[in-house]
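Source file: protein38.cif (mmCIF, C-alpha atoms and all ligand atoms)
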data_start
loop_
_atom_site.group_PDB
_atom_site.id
_atom_site.type_symbol
_atom_site.label_atom_id
_atom_site.label_comp_id
_atom_site.auth_asym_id
_atom_site.auth_seq_id
_atom_site.Cartn_x
_atom_site.Cartn_y
_atom_site.Cartn_z
ATOM 1 C CA VAL X 1 11.373 51.034 -65.127
ATOM 2 C CA SER X 2 10.402 49.089 -62.093
ATOM 3 C CA ARG X 3 7.185 49.723 -60.234
ATOM 4 C CA VAL X 4 7.203 51.401 -56.852
ATOM 5 C CA ARG X 5 5.703 48.910 -54.464
ATOM 6 C CA ILE X 6 4.585 48.919 -50.887
ATOM 7 C CA PRO X 7 7.810 47.465 -49.426
ATOM 8 C CA HIS X 8 9.699 50.399 -51.012
ATOM 9 C CA LEU X 9 7.594 52.850 -49.031
ATOM 10 C CA GLN X 10 8.228 50.862 -45.885
ATOM 11 C CA GLN X 11 11.977 50.830 -46.629
ATOM 12 C CA MET X 12 11.960 54.600 -47.134
ATOM 13 C CA LYS X 13 10.389 55.079 -43.720
ATOM 14 C CA GLU X 14 13.014 52.873 -42.144
ATOM 15 C CA ALA X 15 15.777 54.793 -43.972
ATOM 16 C CA GLY X 16 14.279 58.162 -42.966
ATOM 17 C CA LYS X 17 13.886 59.066 -46.634
ATOM 18 C CA LYS X 18 10.907 61.322 -47.298
ATOM 19 C CA TRP X 19 8.792 61.195 -50.439
ATOM 20 C CA ALA X 20 6.104 63.193 -52.180
ATOM 21 C CA MET X 21 2.704 62.084 -53.362
ATOM 22 C CA LEU X 22 0.426 64.020 -55.728
ATOM 23 C CA THR X 23 -3.086 63.569 -56.956
ATOM 24 C CA ALA X 24 -3.543 62.860 -60.675
ATOM 25 C CA TYR X 25 -6.701 62.417 -62.701
ATOM 26 C CA ASP X 26 -5.608 62.201 -66.333
ATOM 27 C CA MET X 27 -2.883 60.927 -68.655
ATOM 28 C CA TYR X 28 -0.757 64.040 -69.257
ATOM 29 C CA THR X 29 -0.422 65.078 -65.657
ATOM 30 C CA ALA X 30 0.141 61.487 -64.570
ATOM 31 C CA ALA X 31 2.961 61.093 -67.117
ATOM 32 C CA ILE X 32 4.525 64.419 -66.078
ATOM 33 C CA PHE X 33 4.444 63.486 -62.388
ATOM 34 C CA GLU X 34 5.933 60.099 -63.215
ATOM 35 C CA GLU X 35 8.744 61.849 -65.126
ATOM 36 C CA ALA X 36 9.253 64.140 -62.109
ATOM 37 C CA GLY X 37 9.904 61.024 -60.027
ATOM 38 C CA ILE X 38 6.789 61.203 -57.856
ATOM 39 C CA PRO X 39 6.606 57.647 -56.521
ATOM 40 C CA VAL X 40 2.927 57.529 -55.540
ATOM 41 C CA LEU X 41 -0.096 58.968 -57.359
ATOM 42 C CA LEU X 42 -3.513 59.275 -55.758
ATOM 43 C CA ILE X 43 -6.673 59.440 -57.800
ATOM 44 C CA GLY X 44 -8.479 61.286 -55.057
ATOM 45 C CA ASP X 45 -12.187 61.752 -54.670
ATOM 46 C CA SER X 46 -11.002 65.365 -54.774
ATOM 47 C CA ALA X 47 -11.645 64.853 -58.513
ATOM 48 C CA SER X 48 -15.191 65.724 -57.466
ATOM 49 C CA ASN X 49 -14.276 69.347 -56.720
ATOM 50 C CA ASN X 50 -11.133 69.635 -58.873
ATOM 51 C CA VAL X 51 -12.284 67.982 -62.107
ATOM 52 C CA LEU X 52 -16.045 67.436 -62.102
ATOM 53 C CA GLY X 53 -17.119 70.857 -60.873
ATOM 54 C CA ASN X 54 -18.776 69.888 -57.599
ATOM 55 C CA ASP X 55 -18.187 71.925 -54.460
ATOM 56 C CA SER X 56 -17.159 69.005 -52.260
ATOM 57 C CA SER X 57 -15.970 65.421 -52.503
ATOM 58 C CA LEU X 58 -19.367 64.035 -51.513
ATOM 59 C CA PRO X 59 -21.114 63.795 -54.913
ATOM 60 C CA ILE X 60 -18.533 61.779 -56.879
ATOM 61 C CA THR X 61 -19.505 58.175 -57.597
ATOM 62 C CA VAL X 62 -17.480 55.033 -58.188
ATOM 63 C CA ASP X 63 -18.523 55.061 -61.856
ATOM 64 C CA GLU X 64 -17.258 58.624 -62.220
ATOM 65 C CA LEU X 65 -13.926 58.065 -60.489
ATOM 66 C CA LEU X 66 -13.133 54.718 -62.117
ATOM 67 C CA PRO X 67 -12.281 56.041 -65.620
ATOM 68 C CA LEU X 68 -9.890 58.570 -64.081
ATOM 69 C CA VAL X 69 -8.138 55.802 -62.174
ATOM 70 C CA ARG X 70 -7.838 53.829 -65.398
ATOM 71 C CA ALA X 71 -6.455 56.866 -67.232
ATOM 72 C CA VAL X 72 -3.697 57.275 -64.655
ATOM 73 C CA SER X 73 -2.873 53.589 -64.306
ATOM 74 C CA THR X 74 -2.667 52.986 -68.052
ATOM 75 C CA SER X 75 -0.513 56.048 -68.719
ATOM 76 C CA THR X 76 2.170 55.367 -66.106
ATOM 77 C CA ARG X 77 4.586 52.524 -65.444
ATOM 78 C CA ARG X 78 6.493 53.427 -62.322
ATOM 79 C CA PRO X 79 4.299 55.080 -59.674
ATOM 80 C CA LEU X 80 2.186 53.165 -57.210
ATOM 81 C CA ILE X 81 -1.433 53.986 -58.050
ATOM 82 C CA ILE X 82 -3.850 54.550 -55.174
ATOM 83 C CA ALA X 83 -7.579 54.980 -55.773
ATOM 84 C CA ASP X 84 -9.781 56.772 -53.277
ATOM 85 C CA LEU X 85 -12.984 55.034 -52.269
ATOM 86 C CA PRO X 86 -15.841 57.536 -52.801
ATOM 87 C CA PHE X 87 -18.307 58.566 -50.127
ATOM 88 C CA GLY X 88 -20.991 55.913 -49.701
ATOM 89 C CA SER X 89 -19.069 53.154 -51.457
ATOM 90 C CA TYR X 90 -17.524 51.454 -48.413
ATOM 91 C CA GLN X 91 -18.888 52.705 -45.098
ATOM 92 C CA ALA X 92 -21.897 50.361 -44.868
ATOM 93 C CA SER X 93 -19.921 47.167 -44.364
ATOM 94 C CA PRO X 94 -16.588 45.446 -44.945
ATOM 95 C CA GLU X 95 -18.295 43.527 -47.773
ATOM 96 C CA GLN X 96 -19.392 46.703 -49.529
ATOM 97 C CA CYS X 97 -15.868 48.054 -49.086
ATOM 98 C CA PHE X 98 -14.358 44.899 -50.528
ATOM 99 C CA HIS X 99 -16.564 44.974 -53.641
ATOM 100 C CA THR X 100 -15.769 48.628 -54.328
ATOM 101 C CA ALA X 101 -12.049 48.125 -53.839
ATOM 102 C CA VAL X 102 -12.089 45.160 -56.201
ATOM 103 C CA ARG X 103 -13.691 47.318 -58.905
ATOM 104 C CA PHE X 104 -10.926 49.907 -58.563
ATOM 105 C CA MET X 105 -8.300 47.202 -58.898
ATOM 106 C CA LYS X 106 -9.913 45.166 -61.687
ATOM 107 C CA GLU X 107 -11.502 47.917 -63.762
ATOM 108 C CA GLY X 108 -9.269 50.814 -62.736
ATOM 109 C CA GLY X 109 -5.889 49.106 -62.496
ATOM 110 C CA ALA X 110 -5.239 50.552 -59.034
ATOM 111 C CA HIS X 111 -2.570 48.935 -56.869
ATOM 112 C CA ALA X 112 -4.066 50.114 -53.589
ATOM 113 C CA VAL X 113 -7.048 51.993 -52.233
ATOM 114 C CA LYS X 114 -7.594 54.681 -49.623
ATOM 115 C CA LEU X 115 -10.536 55.018 -47.270
ATOM 116 C CA GLU X 116 -11.425 57.701 -44.752
ATOM 117 C CA GLY X 117 -12.364 57.096 -41.231
ATOM 118 C CA GLY X 118 -11.870 56.854 -37.585
ATOM 119 C CA ILE X 119 -11.852 53.641 -35.626
ATOM 120 C CA GLY X 120 -15.270 52.711 -37.096
ATOM 121 C CA MET X 121 -13.661 51.890 -40.444
ATOM 122 C CA VAL X 122 -11.079 49.492 -39.010
ATOM 123 C CA PRO X 123 -13.184 46.417 -39.969
ATOM 124 C CA GLN X 124 -13.194 47.700 -43.566
ATOM 125 C CA ALA X 125 -9.408 48.092 -43.553
ATOM 126 C CA GLU X 126 -9.057 44.642 -42.039
ATOM 127 C CA MET X 127 -11.256 43.076 -44.737
ATOM 128 C CA LEU X 128 -9.119 44.616 -47.479
ATOM 129 C CA ALA X 129 -5.806 43.698 -45.888
ATOM 130 C CA ARG X 130 -7.071 40.152 -45.355
ATOM 131 C CA SER X 131 -7.997 40.009 -49.052
ATOM 132 C CA GLY X 132 -4.606 41.144 -50.295
ATOM 133 C CA ILE X 133 -5.751 44.650 -51.145
ATOM 134 C CA PRO X 134 -3.316 47.274 -49.866
ATOM 135 C CA VAL X 135 -5.225 49.925 -47.933
ATOM 136 C CA MET X 136 -4.223 53.412 -46.854
ATOM 137 C CA ALA X 137 -6.284 54.852 -43.991
ATOM 138 C CA HIS X 138 -7.068 58.579 -44.107
ATOM 139 C CA ILE X 139 -7.450 60.020 -40.598
ATOM 140 C CA GLY X 140 -7.710 63.436 -38.965
ATOM 141 C CA PHE X 141 -9.865 65.734 -41.064
ATOM 142 C CA THR X 142 -11.812 63.425 -43.368
ATOM 143 C CA PRO X 143 -13.631 65.520 -46.001
ATOM 144 C CA GLN X 144 -16.361 62.916 -46.595
ATOM 145 C CA ALA X 145 -17.447 63.510 -42.973
ATOM 146 C CA GLU X 146 -17.423 67.279 -43.388
ATOM 147 C CA HIS X 147 -21.028 67.681 -42.237
ATOM 148 C CA GLN X 148 -20.482 65.599 -39.139
ATOM 149 C CA LEU X 149 -17.228 67.385 -38.313
ATOM 150 C CA GLY X 150 -18.792 70.817 -38.795
ATOM 151 C CA GLY X 151 -16.714 71.955 -41.748
ATOM 152 C CA TYR X 152 -13.033 72.126 -42.591
ATOM 153 C CA ARG X 153 -11.445 72.120 -39.153
ATOM 154 C CA VAL X 154 -8.175 71.001 -37.666
ATOM 155 C CA GLN X 155 -8.635 67.641 -35.908
ATOM 156 C CA GLY X 156 -6.813 65.988 -33.044
ATOM 157 C CA ARG X 157 -6.560 69.014 -30.760
ATOM 158 C CA GLY X 158 -6.699 68.526 -26.995
ATOM 159 C CA ASP X 159 -8.306 65.286 -25.831
ATOM 160 C CA ASN X 160 -9.000 64.237 -29.391
ATOM 161 C CA ALA X 161 -5.279 63.626 -29.923
ATOM 162 C CA ARG X 162 -5.558 60.342 -27.961
ATOM 163 C CA THR X 163 -8.486 59.166 -30.098
ATOM 164 C CA LEU X 164 -6.515 59.915 -33.242
ATOM 165 C CA ILE X 165 -3.403 58.090 -32.054
ATOM 166 C CA GLU X 166 -5.537 55.098 -31.048
ATOM 167 C CA ALA X 167 -7.172 55.078 -34.508
ATOM 168 C CA ALA X 168 -3.740 55.202 -36.161
ATOM 169 C CA LYS X 169 -2.569 52.205 -34.137
ATOM 170 C CA ALA X 170 -5.795 50.310 -34.824
ATOM 171 C CA PHE X 171 -5.417 50.811 -38.594
ATOM 172 C CA GLU X 172 -1.816 49.632 -38.406
ATOM 173 C CA ALA X 173 -2.926 46.543 -36.468
ATOM 174 C CA ALA X 174 -5.673 45.939 -39.058
ATOM 175 C CA GLY X 175 -3.001 45.753 -41.759
ATOM 176 C CA ALA X 176 -3.119 49.209 -43.383
ATOM 177 C CA PHE X 177 0.105 49.852 -45.331
ATOM 178 C CA ALA X 178 0.114 53.598 -44.643
ATOM 179 C CA LEU X 179 -1.777 56.398 -42.956
ATOM 180 C CA LEU X 180 -2.805 59.679 -44.477
ATOM 181 C CA ILE X 181 -3.081 62.420 -41.869
ATOM 182 C CA GLU X 182 -5.045 65.537 -42.826
ATOM 183 C CA MET X 183 -5.233 68.837 -40.934
ATOM 184 C CA VAL X 184 -3.803 67.730 -37.613
ATOM 185 C CA PRO X 185 -1.404 69.790 -35.445
ATOM 186 C CA GLY X 186 2.181 69.084 -36.482
ATOM 187 C CA GLU X 187 3.210 67.749 -33.093
ATOM 188 C CA ILE X 188 0.325 65.252 -33.025
ATOM 189 C CA ALA X 189 1.093 64.050 -36.563
ATOM 190 C CA ALA X 190 4.730 63.695 -35.483
ATOM 191 C CA GLU X 191 3.659 61.609 -32.499
ATOM 192 C CA ILE X 192 1.522 59.381 -34.730
ATOM 193 C CA THR X 193 4.444 59.008 -37.143
ATOM 194 C CA ARG X 194 6.664 57.843 -34.272
ATOM 195 C CA SER X 195 3.953 55.573 -32.841
ATOM 196 C CA VAL X 196 3.403 53.447 -35.929
ATOM 197 C CA SER X 197 5.846 51.481 -38.054
ATOM 198 C CA ILE X 198 3.953 52.143 -41.317
ATOM 199 C CA PRO X 199 4.537 55.336 -43.332
ATOM 200 C CA THR X 200 2.475 58.467 -42.657
ATOM 201 C CA VAL X 201 1.561 60.893 -45.429
ATOM 202 C CA GLY X 202 0.677 64.386 -44.267
ATOM 203 C CA ILE X 203 -1.454 67.166 -45.680
ATOM 204 C CA GLY X 204 -1.728 70.093 -43.322
ATOM 205 C CA ALA X 205 0.003 67.889 -40.753
ATOM 206 C CA GLY X 206 3.468 69.421 -40.415
ATOM 207 C CA ASN X 207 6.788 68.220 -41.751
ATOM 208 C CA GLN X 208 7.436 65.268 -39.476
ATOM 209 C CA CYS X 209 5.312 62.856 -41.487
ATOM 210 C CA ASP X 210 7.170 60.316 -43.628
ATOM 211 C CA ALA X 211 5.657 61.765 -46.812
ATOM 212 C CA GLN X 212 3.505 64.642 -48.021
ATOM 213 C CA VAL X 213 0.583 64.917 -50.427
ATOM 214 C CA LEU X 214 -1.052 67.829 -52.245
ATOM 215 C CA VAL X 215 -3.833 68.108 -54.787
ATOM 216 C CA TRP X 216 -1.928 68.812 -57.996
ATOM 217 C CA GLN X 217 -4.053 71.791 -59.072
ATOM 218 C CA ASP X 218 -3.249 73.404 -55.710
ATOM 219 C CA MET X 219 0.459 72.592 -55.979
ATOM 220 C CA ALA X 220 0.662 73.969 -59.529
ATOM 221 C CA GLY X 221 -1.440 77.086 -58.944
ATOM 222 C CA LEU X 222 -4.278 76.189 -61.266
ATOM 223 C CA ARG X 223 -6.941 76.974 -58.715
ATOM 224 C CA SER X 224 -8.063 80.527 -57.998
ATOM 225 C CA GLY X 225 -9.532 81.954 -54.825
ATOM 226 C CA LYS X 226 -8.686 81.377 -51.200
ATOM 227 C CA LEU X 227 -6.393 78.432 -50.571
ATOM 228 C CA PRO X 228 -6.051 76.351 -47.429
ATOM 229 C CA ARG X 229 -3.093 77.287 -45.227
ATOM 230 C CA PHE X 230 -1.363 73.978 -45.948
ATOM 231 C CA VAL X 231 -1.073 74.605 -49.699
ATOM 232 C CA LYS X 232 2.123 75.840 -51.303
ATOM 233 C CA GLN X 233 1.927 76.836 -54.962
ATOM 234 C CA TYR X 234 5.003 75.804 -56.935
ATOM 235 C CA ALA X 235 3.842 77.364 -60.202
ATOM 236 C CA ASP X 236 1.261 79.786 -61.516
ATOM 237 C CA MET X 237 -0.406 77.569 -64.068
ATOM 238 C CA ARG X 238 -3.625 79.529 -63.916
ATOM 239 C CA THR X 239 -1.952 82.663 -65.264
ATOM 240 C CA LEU X 240 0.012 80.635 -67.797
ATOM 241 C CA LEU X 241 -3.143 79.004 -69.209
ATOM 242 C CA LEU X 242 -5.170 82.179 -68.987
ATOM 243 C CA ASN X 243 -2.598 84.072 -71.040
ATOM 244 C CA ALA X 244 -2.267 81.257 -73.563
ATOM 245 C CA ALA X 245 -6.042 81.103 -74.077
ATOM 246 C CA LYS X 246 -6.275 84.898 -74.395
ATOM 247 C CA GLU X 247 -3.440 85.066 -76.892
ATOM 248 C CA TYR X 248 -4.914 82.219 -78.954
ATOM 249 C CA ALA X 249 -8.327 83.921 -79.054
ATOM 250 C CA SER X 250 -6.757 87.228 -79.981
ATOM 251 C CA GLU X 251 -4.688 85.716 -82.797
ATOM 252 C CA VAL X 252 -7.762 84.001 -84.212
ATOM 253 C CA GLU X 253 -9.723 87.247 -84.043
ATOM 254 C CA THR X 254 -6.947 89.139 -85.878
ATOM 255 C CA SER X 255 -6.302 86.372 -88.476
ATOM 256 C CA ILE X 256 -2.732 85.812 -87.216
ATOM 257 C CA PHE X 257 -3.519 82.170 -86.417
ATOM 258 C CA PRO X 258 -3.426 79.922 -88.355
ATOM 259 C CA GLY X 259 -0.429 81.175 -90.291
ATOM 260 C CA PRO X 260 0.956 79.758 -93.541
ATOM 261 C CA GLU X 261 3.022 77.224 -91.549
ATOM 262 C CA HIS X 262 -0.180 75.796 -90.073
ATOM 263 C CA THR X 263 -1.976 75.655 -93.393
ATOM 264 C CA PHE X 264 -2.090 72.770 -95.912
HETATM 265 O O1 LIG F 301 -8.906 63.224 -52.452
HETATM 266 C C1 LIG F 301 -7.778 63.683 -52.205
HETATM 267 O O2 LIG F 301 -7.152 64.367 -53.022
HETATM 268 C C2 LIG F 301 -7.184 63.386 -50.914
HETATM 269 C C3 LIG F 301 -5.915 64.065 -50.559
HETATM 270 C C4 LIG F 301 -6.016 65.542 -50.530
HETATM 271 C C5 LIG F 301 -5.389 63.583 -49.299
HETATM 272 O O3 LIG F 301 -7.731 62.616 -50.196
HETATM 273 NA NA NA F 302 -9.845 62.077 -50.781
#

Let me see the file written as C-alpha cells.
Amino acid sequence: VSRVRIPHLQQMKEAGKKWAMLTAYDMYTAAIFEEAGIPVLLIGDSASNNVLGNDSSLPITVDELLPLVRAVSTSTRRPLIIADLPFGSYQASPEQCFHTAVRFMKEGGAHAVKLEGGIGMVPQAEMLARSGIPVMAHIGFTPQAEHQLGGYRVQGRGDNARTLIEAAKAFEAAGAFALLIEMVPGEIAAEITRSVSIPTVGIGAGNQCDAQVLVWQDMAGLRSGKLPRFVKQYADMRTLLLNAAKEYASEVETSIFPGPEHTF
C-alpha cells in the first residue's frame, strides 16, 4: 500500500475527482476507514466532544489529543493523517504554532496539521508551510471561536462572503495545502473552490467543494439527540450497540452467557 500524499489530493482536484474525509480517534475505526478507502483521516479536536465527554472543542489539550493521533497513525498505512491543533495551542504566535505542530508530527506521527482561523492566522500557516509542515486552514464557522461568533451559525453570508474569499486566497498564498470550509452557504463555498487552486473540503458547505468531511460518530449514527443539518447518518450504530449491550446483559443475567463453548 502506498501512502496518500498531498500531491495526490492536488491531482484529484485537477482531475475533478471528489474524495471523502472522516475523523478517527482510535485504532479500530481508523483501520475500518482505511479499508473503506477513505484517503484522509482527521484526528479532530472534535475528540473533545465526541470522545472525552466535553460539550465543546474548547477544553481538549495537546496532551489529550496527541495519543489519539498516535493511535490512528500507527494503525494505518495508507491514509494521510491530519492532526487538529487544539484551542490555545497555536493562536498566540507563529512560533507557538510551529512548536505544537512539531509535537503532532514527532510524537503523534501526523503528516499534516489543521488550524482554524480567519486572516489573522495566515502568519501561522505561513510559518508551518515555510517549515515543511503541510497545513490545512479551517475557515467559515470555526468552532474554537464559538463564543466570539455567537454560537453555531452559518458564516460568509452577505458582505462577509468577501472576507471569507479573501481569507481563502490568503491561506493559499501562505502555502496551505487545502482549505476546510465549515457552515458556509453552498454558493459561497463553490466560489471559494473555484477561486483557489488548492483542494477545498466542505462540511455544511454544499456539494461543490472538492471533498467532504464528517465526524465519524455523526456519519455512523452513534450520536443521539439533535443533529446539525449538514449531517447524514449512513448507519444506526447507536441502536446496534445498544441492542448488543442489552442482549449481553440479559444473557449474563439469565446464565445463557457464557455457554459451554466459551468455557475452559
Ligand atoms: O474537529 C473536527 O472534527 C473538525 C471537522 C468537523 C471539520 O474540525
Ligand atoms: Na476541529

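Across the chains present, the PyMOL selection byres (((chain X and resi 83) around 8) and not hetatm) applied to this file returns Leu42, Ile43, Gly44, Val69, Ile81, Ile82, Asp84, Leu85, Phe104, Ala110, His111, Ala112, Val113 and Lys114 of chain X.
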
Note to self: Would you compute the distance between atom CA of X:Gln144 and atom CA of X:Pro79? Give it in Å to one decimal.
What the structure shows: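 Calculated distance between atom CA of X:Gln144 and atom CA of X:Pro79 is 25.7 Å.
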
* To do: Check every protein, DNA and RNA residue against ligand NA 302 (chain F), keep those with an atom at most 12 Å away (counting only C-alpha atoms and all ligand atoms), and present them as a ChimeraX atom specification.
  => /X:22-24,42-50,56-58,60,65,82-87,113-117,136-139,141-146,180-182,203,213-215

>> Which residue is closest to ligand LIG 301 (chain F)? Choose from X:Gln10, X:Gln217, X:Gln148, X:Asn207 and count all atoms listed in the file.
In response: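 Going through X:Gln10, X:Gln217, X:Gln148, X:Asn207 one by one, the smallest distance to ligand LIG 301 (chain F) is for X:Gln217.
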
Determine the residue membership of the PyMOL selection byres (((chain X and resi 92-103) around 7) and not hetatm) for the file above and supply it as a PDB file with C-alpha atoms, keeping the file's coordinate frame.
ATOM      1  CA  SER X  89     -19.069  53.154 -51.457  1.00  0.00           C
ATOM      2  CA  TYR X  90     -17.524  51.454 -48.413  1.00  0.00           C
ATOM      3  CA  GLN X  91     -18.888  52.705 -45.098  1.00  0.00           C
ATOM      4  CA  PHE X 104     -10.926  49.907 -58.563  1.00  0.00           C
ATOM      5  CA  MET X 105      -8.300  47.202 -58.898  1.00  0.00           C
ATOM      6  CA  LYS X 106      -9.913  45.166 -61.687  1.00  0.00           C
ATOM      7  CA  GLU X 107     -11.502  47.917 -63.762  1.00  0.00           C
ATOM      8  CA  GLY X 108      -9.269  50.814 -62.736  1.00  0.00           C
ATOM      9  CA  VAL X 113      -7.048  51.993 -52.233  1.00  0.00           C
ATOM     10  CA  PRO X 123     -13.184  46.417 -39.969  1.00  0.00           C
ATOM     11  CA  GLN X 124     -13.194  47.700 -43.566  1.00  0.00           C
ATOM     12  CA  MET X 127     -11.256  43.076 -44.737  1.00  0.00           C
ATOM     13  CA  LEU X 128      -9.119  44.616 -47.479  1.00  0.00           C
TER      14      LEU X 128
END

Counting only C-alpha atoms and all ligand atoms, the residue among X:Gln212, X:Ser224, X:Ser255, X:Thr263 that lies closest to ligand LIG 301 (chain F) is X:Gln212

To one decimal place in Å, what is the distance between atom CA of X:Lys246 and atom CA of X:His262?
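Computed distance, atom CA of X:Lys246 to atom CA of X:His262, equals 19.1 Å.
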
Determine the axis-aligned bounding box of all atoms of ligand LIG 301 (chain F) present in the file, pad each side by 3 Å, and express its centre and edge lengths in Å to one decimal place as lines of an AutoDock Vina configuration file.
center_x = -7.1
center_y = 64.1
center_z = -51.2
size_x = 9.5
size_y = 8.9
size_z = 9.7

* Asked: the PyMOL selection byres (((chain X and resi 237-241) around 7) and not hetatm) on the file shown: which residues, as a PyMOL selection string?
  -> chain X and resi 220-223+235-236+242-245

* Computed interatomic separation between atom CA of X:Ala170 and atom CA of X:Leu9 (Å) ->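 So the two atoms, atom CA of X:Ala170 and atom CA of X:Leu9, lie 19.7 Å apart.
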
For this session: Find the residue from X:Val4, X:Val196, X:Met21, X:Ala125 that sits nearest to ligand LIG 301 (chain F); use only C-alpha atoms and all ligand atoms when measuring.
Result: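 The answer is X:Met21, which sits nearest to ligand LIG 301 (chain F).
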
Please rebuild stretch 67-80 of chain X with N, CA and C atoms and return the result as a PDB file, in the coordinates of the input.
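File produced: selection32.pdb:
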ATOM      1  N   PRO X  67     -13.004  55.748 -64.371  1.00  0.00           N
ATOM      2  CA  PRO X  67     -12.281  56.041 -65.620  1.00  0.00           C
ATOM      3  C   PRO X  67     -11.032  56.899 -65.402  1.00  0.00           C
ATOM      4  N   LEU X  68     -11.058  57.736 -64.363  1.00  0.00           N
ATOM      5  CA  LEU X  68      -9.890  58.570 -64.081  1.00  0.00           C
ATOM      6  C   LEU X  68      -8.762  57.698 -63.528  1.00  0.00           C
ATOM      7  N   VAL X  69      -9.134  56.733 -62.708  1.00  0.00           N
ATOM      8  CA  VAL X  69      -8.138  55.802 -62.174  1.00  0.00           C
ATOM      9  C   VAL X  69      -7.508  55.020 -63.325  1.00  0.00           C
ATOM     10  N   ARG X  70      -8.349  54.586 -64.257  1.00  0.00           N
ATOM     11  CA  ARG X  70      -7.838  53.829 -65.398  1.00  0.00           C
ATOM     12  C   ARG X  70      -6.933  54.694 -66.271  1.00  0.00           C
ATOM     13  N   ALA X  71      -7.297  55.958 -66.432  1.00  0.00           N
ATOM     14  CA  ALA X  71      -6.455  56.866 -67.232  1.00  0.00           C
ATOM     15  C   ALA X  71      -5.061  56.969 -66.625  1.00  0.00           C
ATOM     16  N   VAL X  72      -4.997  57.112 -65.320  1.00  0.00           N
ATOM     17  CA  VAL X  72      -3.697  57.275 -64.655  1.00  0.00           C
ATOM     18  C   VAL X  72      -2.922  55.963 -64.645  1.00  0.00           C
ATOM     19  N   SER X  73      -3.603  54.861 -64.392  1.00  0.00           N
ATOM     20  CA  SER X  73      -2.873  53.589 -64.306  1.00  0.00           C
ATOM     21  C   SER X  73      -2.366  53.145 -65.679  1.00  0.00           C
ATOM     22  N   THR X  74      -3.127  53.438 -66.737  1.00  0.00           N
ATOM     23  CA  THR X  74      -2.667  52.986 -68.052  1.00  0.00           C
ATOM     24  C   THR X  74      -1.617  53.912 -68.653  1.00  0.00           C
ATOM     25  N   SER X  75      -1.485  55.129 -68.124  1.00  0.00           N
ATOM     26  CA  SER X  75      -0.513  56.048 -68.719  1.00  0.00           C
ATOM     27  C   SER X  75       0.772  56.177 -67.902  1.00  0.00           C
ATOM     28  N   THR X  76       0.940  55.338 -66.895  1.00  0.00           N
ATOM     29  CA  THR X  76       2.170  55.367 -66.106  1.00  0.00           C
ATOM     30  C   THR X  76       2.693  53.938 -65.908  1.00  0.00           C
ATOM     31  N   ARG X  77       4.006  53.852 -65.668  1.00  0.00           N
ATOM     32  CA  ARG X  77       4.586  52.524 -65.444  1.00  0.00           C
ATOM     33  C   ARG X  77       5.263  52.382 -64.096  1.00  0.00           C
ATOM     34  N   ARG X  78       5.715  53.524 -63.545  1.00  0.00           N
ATOM     35  CA  ARG X  78       6.493  53.427 -62.322  1.00  0.00           C
ATOM     36  C   ARG X  78       5.728  53.706 -61.019  1.00  0.00           C
ATOM     37  N   PRO X  79       4.898  54.746 -60.980  1.00  0.00           N
ATOM     38  CA  PRO X  79       4.299  55.080 -59.674  1.00  0.00           C
ATOM     39  C   PRO X  79       3.319  54.035 -59.159  1.00  0.00           C
ATOM     40  N   LEU X  80       3.233  53.944 -57.872  1.00  0.00           N
ATOM     41  CA  LEU X  80       2.186  53.165 -57.210  1.00  0.00           C
ATOM     42  C   LEU X  80       0.886  53.970 -57.343  1.00  0.00           C
TER      43      LEU X  80
END
